[in-house]
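Following: one structure in structure tokens, then a few remarks.
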Amino acid sequence: MSYFIRRGHMPDASSWIVQFHKDRLTMNRMTRAFTGQLADSDIRLLRVFCVVTECGGFAAAESELQMGLPSISRYIKDLEIRLGMRLCQRGRIGFALTQQGAQIYDASQRLIRNMEQFEADVRSAHSELTGVLQIGMADTFVTDPRFRLSEVIGQFRRRHPRVAISLNVQTSNTVEQRLLDGSFQAGMIVMRRSMNQLSYRHLYKETCSLYCTNEHPLAVKGAAATIEDLFKHDYAGFGYADDGGRPISGGRGVLQPAAHVDHTEALAILIGSGTFFGYLPDHYVSAMSRPPRLTKILPDLSFASNVAFVTNPGTMPPSLIALITIIDELV
């Protein structure tokens with residue numbers, strides 16, 4: 001920026017000084033352009049912007065902010081200069097967010113929520129955790145050597161002895177539903193699907209295979225058994241397709257269960273009767289020590305599923321955050 005005076009041109013002093021300060025202010029604002037790093041002043045500006053947006057305009061936000069119109073206008077203008085974009089239309093036509101303004105409002109809301117969660121976490125770190133932590137889980141995990149929930153709970157209880165643990169065995173579907181309605185704070189399930197409202201942490205894979213007793217005709221047939229042979233015998237499976245097994249298809253369509261169960265132990269009892277076959281976790285069958293012994297059939301139909309620790313991101317009490325911290329340490 002040059003302020004040299006050309007020969008023959010002598011502006012008055014007052015106009016020169018005004019222009020100088022305008023250019024200086026512009027340069028200062030340019031050097032303060034947003035670089036992606038937030039300062040405390042930026043957060044104050046964003047909070048004012050959110051209140052104005054939620055109130056539907058500058059005038060409506062005066063009472064909420066306990067601030068006059070000139071101050072509110074200056075805050076919004078400073079934020080627009082800081083971000084380098086126009087956030088809202090205002091004036092006689094009324095108040096309306098621009099497209100960029102709507103994006104910044106959504107981002108600001110997320111930022112404020114995260115800050116509030118952080119503040120809650122810090123407060124909880126200074127106080128002893130109490131209350132009840134409701135956890136849902138599918139059955140048979142205890143027979144899997146990779147199962148670590150017992151270790152996680154033991155470590156959690158040593159650190160937070162005043163938090164009571166309520167452990168409920170349910171189907172994986174039910175655990176997810178009770179997470180959504182707030183009955184559970186966490187769950188450990190065999191993951192057959194992924195729900196957008198929930199957060200899943202993969203722990204390991206569980207392999208399931210088709211089993212029957214040694215005396216069952218399918219076991220007697222051995223390696224010669226085919227998918228079509230399955231349709232000649234009774235199949236036992238879960239009442240909900242997503243909770244266990246997978247559809248078995250053949251020339252006759254999809255094999256339908258002749259008996260339905262809600263838990264793996266009930267399924268093992270039916271298969272152990274010698275009149276049914278069905279899917280069981282391999283680790284569960286390996287852990288069974290009493291007769292009747294079971295035989296794996298048609299190994300090509302075996303499949304693996306993710307075992308996951310699942311939470312509802314919308315409900316994260318301090319006790320659950322503490323539990324997740326231990327899971328990250330041990331699993």
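Chain lettering (A, B, ...) mirrors the order of the structure tokens, residue numbering begins at 1 for each chain separately, and ligand numbering begins at 1 in order of display.
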>> If DSSP is run on the backbone, what residues of range 84-275 of chain A are helix (DSSP H, G or I)? A reply as an NGL selection string would be ideal.
In response: :A and (99-125 or 141-143 or 149-159 or 172-180 or 217-224 or 227-230 or 241-243 or 264-272)
>> DSSP on the backbone, strand (DSSP E) only: what residues of range 64-275 of chain A does that give? Format it as a PyMOL selection string.
In response: chain A and resi 88-89+96-97+131-137+163-169+186-191+199-213+234-238+249-250+253-254+259-261
For the selection you just gave me, I'd like the residues written to a file as a compact mmCIF listing (two decimals), in the first residue's frame, keeping N, CA and C atoms.
```txt
# COMPACT_ATOMS: atom_id res chain seq x y z
N CYS A 88 -25.34 -14.93 7.05
CA CYS A 88 -26.78 -14.73 7.09
C CYS A 88 -27.19 -13.47 6.34
N GLN A 89 -28.43 -13.49 5.91
CA GLN A 89 -29.04 -12.31 5.32
C GLN A 89 -29.84 -11.62 6.42
N ALA A 96 -32.18 -14.75 7.60
CA ALA A 96 -32.11 -16.09 6.99
C ALA A 96 -30.66 -16.49 6.86
N LEU A 97 -30.35 -17.74 7.14
CA LEU A 97 -29.00 -18.25 6.99
C LEU A 97 -28.68 -18.46 5.52
N GLY A 131 -23.96 -44.89 40.74
CA GLY A 131 -25.09 -45.24 39.88
C GLY A 131 -25.04 -46.68 39.41
N VAL A 132 -25.85 -47.00 38.41
CA VAL A 132 -25.96 -48.35 37.86
C VAL A 132 -25.65 -48.30 36.37
N LEU A 133 -24.81 -49.20 35.92
CA LEU A 133 -24.48 -49.31 34.50
C LEU A 133 -25.17 -50.55 33.95
N GLN A 134 -26.16 -50.33 33.07
CA GLN A 134 -26.94 -51.42 32.49
C GLN A 134 -26.26 -51.91 31.21
N ILE A 135 -25.85 -53.17 31.20
CA ILE A 135 -25.16 -53.75 30.05
C ILE A 135 -25.94 -54.96 29.55
N GLY A 136 -26.21 -55.01 28.26
CA GLY A 136 -26.86 -56.18 27.65
C GLY A 136 -25.84 -56.98 26.86
N MET A 137 -26.03 -58.27 26.80
CA MET A 137 -25.09 -59.11 26.05
C MET A 137 -25.79 -60.36 25.53
N VAL A 163 -19.99 -48.03 41.47
CA VAL A 163 -20.89 -48.20 40.33
C VAL A 163 -21.38 -49.64 40.30
N ALA A 164 -22.69 -49.83 40.35
CA ALA A 164 -23.27 -51.17 40.29
C ALA A 164 -23.38 -51.61 38.83
N ILE A 165 -23.15 -52.89 38.59
CA ILE A 165 -23.22 -53.45 37.24
C ILE A 165 -24.46 -54.32 37.14
N SER A 166 -25.29 -54.05 36.12
CA SER A 166 -26.43 -54.91 35.81
C SER A 166 -26.17 -55.54 34.44
N LEU A 167 -25.91 -56.86 34.43
CA LEU A 167 -25.57 -57.58 33.20
C LEU A 167 -26.76 -58.43 32.78
N ASN A 168 -27.29 -58.16 31.60
CA ASN A 168 -28.52 -58.81 31.14
C ASN A 168 -28.26 -59.59 29.86
N VAL A 169 -28.62 -60.88 29.85
CA VAL A 169 -28.46 -61.72 28.67
C VAL A 169 -29.72 -61.63 27.82
N ALA A 186 -24.92 -49.97 27.35
CA ALA A 186 -23.90 -50.63 26.52
C ALA A 186 -24.34 -52.05 26.23
N GLY A 187 -23.72 -52.66 25.25
CA GLY A 187 -24.06 -54.04 24.91
C GLY A 187 -22.89 -54.73 24.24
N MET A 188 -22.87 -56.05 24.34
CA MET A 188 -21.88 -56.88 23.65
C MET A 188 -22.67 -57.89 22.84
N ILE A 189 -22.54 -57.84 21.52
CA ILE A 189 -23.41 -58.62 20.66
C ILE A 189 -22.63 -59.27 19.54
N VAL A 190 -23.29 -60.26 18.92
CA VAL A 190 -22.81 -60.79 17.64
C VAL A 190 -23.45 -59.91 16.56
N MET A 191 -22.63 -59.25 15.82
CA MET A 191 -23.09 -58.19 14.91
C MET A 191 -23.50 -58.77 13.57
N SER A 199 -23.26 -46.97 17.87
CA SER A 199 -21.83 -47.00 17.60
C SER A 199 -21.29 -48.38 17.93
N TYR A 200 -20.55 -49.01 16.99
CA TYR A 200 -20.07 -50.37 17.14
C TYR A 200 -18.53 -50.39 17.21
N ARG A 201 -18.01 -51.09 18.21
CA ARG A 201 -16.57 -51.28 18.34
C ARG A 201 -16.27 -52.76 18.09
N HIS A 202 -15.63 -53.05 16.98
CA HIS A 202 -15.31 -54.45 16.65
C HIS A 202 -14.28 -54.98 17.64
N LEU A 203 -14.55 -56.18 18.20
CA LEU A 203 -13.63 -56.80 19.14
C LEU A 203 -12.90 -57.99 18.52
N TYR A 204 -13.65 -58.92 17.94
CA TYR A 204 -13.05 -60.07 17.27
C TYR A 204 -14.13 -60.76 16.45
N LYS A 205 -13.78 -61.84 15.76
CA LYS A 205 -14.74 -62.58 14.94
C LYS A 205 -15.09 -63.91 15.59
N GLU A 206 -16.37 -64.26 15.49
CA GLU A 206 -16.86 -65.54 15.98
C GLU A 206 -17.30 -66.39 14.80
N THR A 207 -16.82 -67.63 14.74
CA THR A 207 -17.18 -68.53 13.65
C THR A 207 -18.28 -69.49 14.09
N CYS A 208 -19.32 -69.61 13.26
CA CYS A 208 -20.42 -70.54 13.51
C CYS A 208 -20.47 -71.58 12.40
N SER A 209 -20.85 -72.81 12.78
CA SER A 209 -20.95 -73.90 11.81
C SER A 209 -22.21 -74.71 12.08
N LEU A 210 -22.61 -75.49 11.08
CA LEU A 210 -23.75 -76.39 11.24
C LEU A 210 -23.32 -77.62 12.03
N TYR A 211 -24.16 -78.01 13.01
CA TYR A 211 -23.85 -79.18 13.85
C TYR A 211 -25.08 -80.07 13.99
N CYS A 212 -24.80 -81.34 14.21
CA CYS A 212 -25.81 -82.33 14.58
C CYS A 212 -25.12 -83.37 15.45
N THR A 213 -25.87 -84.28 16.04
CA THR A 213 -25.24 -85.32 16.86
C THR A 213 -24.56 -86.35 15.96
N ASP A 234 -34.97 -81.85 10.08
CA ASP A 234 -35.47 -80.70 10.82
C ASP A 234 -34.32 -79.77 11.21
N TYR A 235 -34.54 -78.50 10.90
CA TYR A 235 -33.56 -77.45 11.18
C TYR A 235 -34.07 -76.60 12.34
N ALA A 236 -33.22 -76.32 13.31
CA ALA A 236 -33.58 -75.46 14.44
C ALA A 236 -32.78 -74.16 14.33
N GLY A 237 -33.46 -73.04 14.55
CA GLY A 237 -32.78 -71.76 14.42
C GLY A 237 -33.42 -70.69 15.28
N PHE A 238 -32.85 -69.51 15.23
CA PHE A 238 -33.33 -68.40 16.03
C PHE A 238 -34.62 -67.84 15.45
N SER A 249 -30.10 -71.83 1.42
CA SER A 249 -30.88 -71.90 0.18
C SER A 249 -30.48 -73.11 -0.64
N GLY A 250 -31.47 -73.67 -1.27
CA GLY A 250 -31.22 -74.80 -2.16
C GLY A 250 -32.25 -74.83 -3.27
N GLY A 253 -35.73 -73.73 -2.32
CA GLY A 253 -35.93 -72.40 -1.76
C GLY A 253 -35.09 -72.20 -0.52
N VAL A 254 -35.62 -71.47 0.45
CA VAL A 254 -34.92 -71.19 1.70
C VAL A 254 -35.41 -72.14 2.77
N ALA A 259 -38.04 -75.54 14.40
CA ALA A 259 -38.11 -75.14 15.81
C ALA A 259 -37.37 -73.81 15.96
N HIS A 260 -37.91 -72.93 16.82
CA HIS A 260 -37.32 -71.61 17.02
C HIS A 260 -36.83 -71.45 18.45
N VAL A 261 -35.72 -70.73 18.61
CA VAL A 261 -35.16 -70.48 19.94
C VAL A 261 -34.79 -69.00 20.04
```
Using only C-alpha atoms, tabulate the residues of range 101-153 of chain A lying at most 9 Å from any atom of range 37-54 of chain A, each with its closest atom pair and that distance in Å to one decimal, by chain and increasing residue number, as CSV.
```
residue,atom,partner,partner_atom,distance
A:Ile104,CA,A:Leu46,CA,8.7
A:Tyr105,CA,A:Cys50,CA,6.3
A:Ser108,CA,A:Leu46,CA,6.4
A:Gln109,CA,A:Cys50,CA,7.5
A:Ile112,CA,A:Arg47,CA,8.0
```
Residues from last step as file, N, CA and C atoms, as a PDB file, in the first residue's frame:
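Here's the written file again.pdb:
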```
ATOM      1  N   ILE A 104     -22.109 -23.760   8.976  1.00  0.00           N
ATOM      2  CA  ILE A 104     -21.373 -23.302  10.146  1.00  0.00           C
ATOM      3  C   ILE A 104     -22.214 -23.473  11.410  1.00  0.00           C
ATOM      4  N   TYR A 105     -23.525 -23.248  11.311  1.00  0.00           N
ATOM      5  CA  TYR A 105     -24.394 -23.448  12.477  1.00  0.00           C
ATOM      6  C   TYR A 105     -24.364 -24.903  12.932  1.00  0.00           C
ATOM      7  N   SER A 108     -21.085 -25.620  14.503  1.00  0.00           N
ATOM      8  CA  SER A 108     -20.989 -24.959  15.803  1.00  0.00           C
ATOM      9  C   SER A 108     -21.738 -25.748  16.868  1.00  0.00           C
ATOM     10  N   GLN A 109     -22.911 -26.268  16.510  1.00  0.00           N
ATOM     11  CA  GLN A 109     -23.683 -27.073  17.460  1.00  0.00           C
ATOM     12  C   GLN A 109     -22.901 -28.301  17.897  1.00  0.00           C
ATOM     13  N   ILE A 112     -20.071 -27.197  20.255  1.00  0.00           N
ATOM     14  CA  ILE A 112     -20.545 -26.841  21.595  1.00  0.00           C
ATOM     15  C   ILE A 112     -20.929 -28.088  22.384  1.00  0.00           C
TER      16      ILE A 112
END
```
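With only C-alpha atoms as the atoms that count, the minimum distance from Glu329 in chain A to the choices A:Thr140, A:Thr315, A:Gln155, A:Asn114 is reached by A:Gln155.
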> Near Arg252 in chain A, counting only C-alpha atoms, which residues have an atom at most 12 Å away, once you skip same-chain residues fewer than 2 positions from it, shown as a PyMOL selection string?
Replying inline: chain A and resi 227-232+248-250+254-256
Keeping N, CA and C atoms for every residue in the selection just given, could you write it to a file as a tab-separated table (two decimals), in the first residue's frame?
```
chain	number	residue	atom	x	y	z
A	227	ILE	N	-26.35	-79.81	0.41
A	227	ILE	CA	-27.35	-78.84	0.86
A	227	ILE	C	-28.76	-79.40	0.70
A	228	GLU	N	-28.99	-80.13	-0.39
A	228	GLU	CA	-30.31	-80.70	-0.61
A	228	GLU	C	-30.68	-81.70	0.47
A	229	ASP	N	-29.66	-82.38	1.05
A	229	ASP	CA	-29.93	-83.33	2.14
A	229	ASP	C	-30.48	-82.60	3.37
A	230	LEU	N	-30.08	-81.36	3.55
A	230	LEU	CA	-30.54	-80.60	4.72
A	230	LEU	C	-32.05	-80.45	4.71
A	231	PHE	N	-32.64	-80.34	3.53
A	231	PHE	CA	-34.08	-80.13	3.42
A	231	PHE	C	-34.88	-81.37	3.83
A	232	LYS	N	-34.19	-82.49	4.02
A	232	LYS	CA	-34.86	-83.72	4.40
A	232	LYS	C	-34.94	-83.89	5.92
A	248	ILE	N	-30.29	-70.67	4.56
A	248	ILE	CA	-29.77	-71.80	3.80
A	248	ILE	C	-30.67	-71.99	2.59
A	249	SER	N	-30.10	-71.83	1.42
A	249	SER	CA	-30.88	-71.90	0.18
A	249	SER	C	-30.48	-73.11	-0.64
A	250	GLY	N	-31.47	-73.67	-1.27
A	250	GLY	CA	-31.22	-74.80	-2.16
A	250	GLY	C	-32.25	-74.83	-3.27
A	254	VAL	N	-35.62	-71.47	0.45
A	254	VAL	CA	-34.92	-71.19	1.70
A	254	VAL	C	-35.41	-72.14	2.77
A	255	LEU	N	-34.47	-72.79	3.45
A	255	LEU	CA	-34.83	-73.75	4.49
A	255	LEU	C	-35.43	-73.02	5.69
A	256	GLN	N	-36.62	-73.44	6.11
A	256	GLN	CA	-37.32	-72.83	7.23
A	256	GLN	C	-37.12	-73.66	8.50
```
> A:Phe156, A:Gly314, A:Ile321, A:Ala223: which is nearest Arg113 in chain A, counting only C-alpha atoms?
Replying inline: A:Gly314
> How many Å lie between CA of Thr311 in chain A and CA of Leu129 in chain A, rounded to one decimal?
Replying inline: 18.9 Å
> How far is it from CA of Pro299 in chain A to CA of Leu149 in chain A, in Å with one decimal?
Replying inline: 29.2 Å
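For the pair CA of Met288 in chain A and CA of Ala268 in chain A, the interatomic distance is 9.8 Å.
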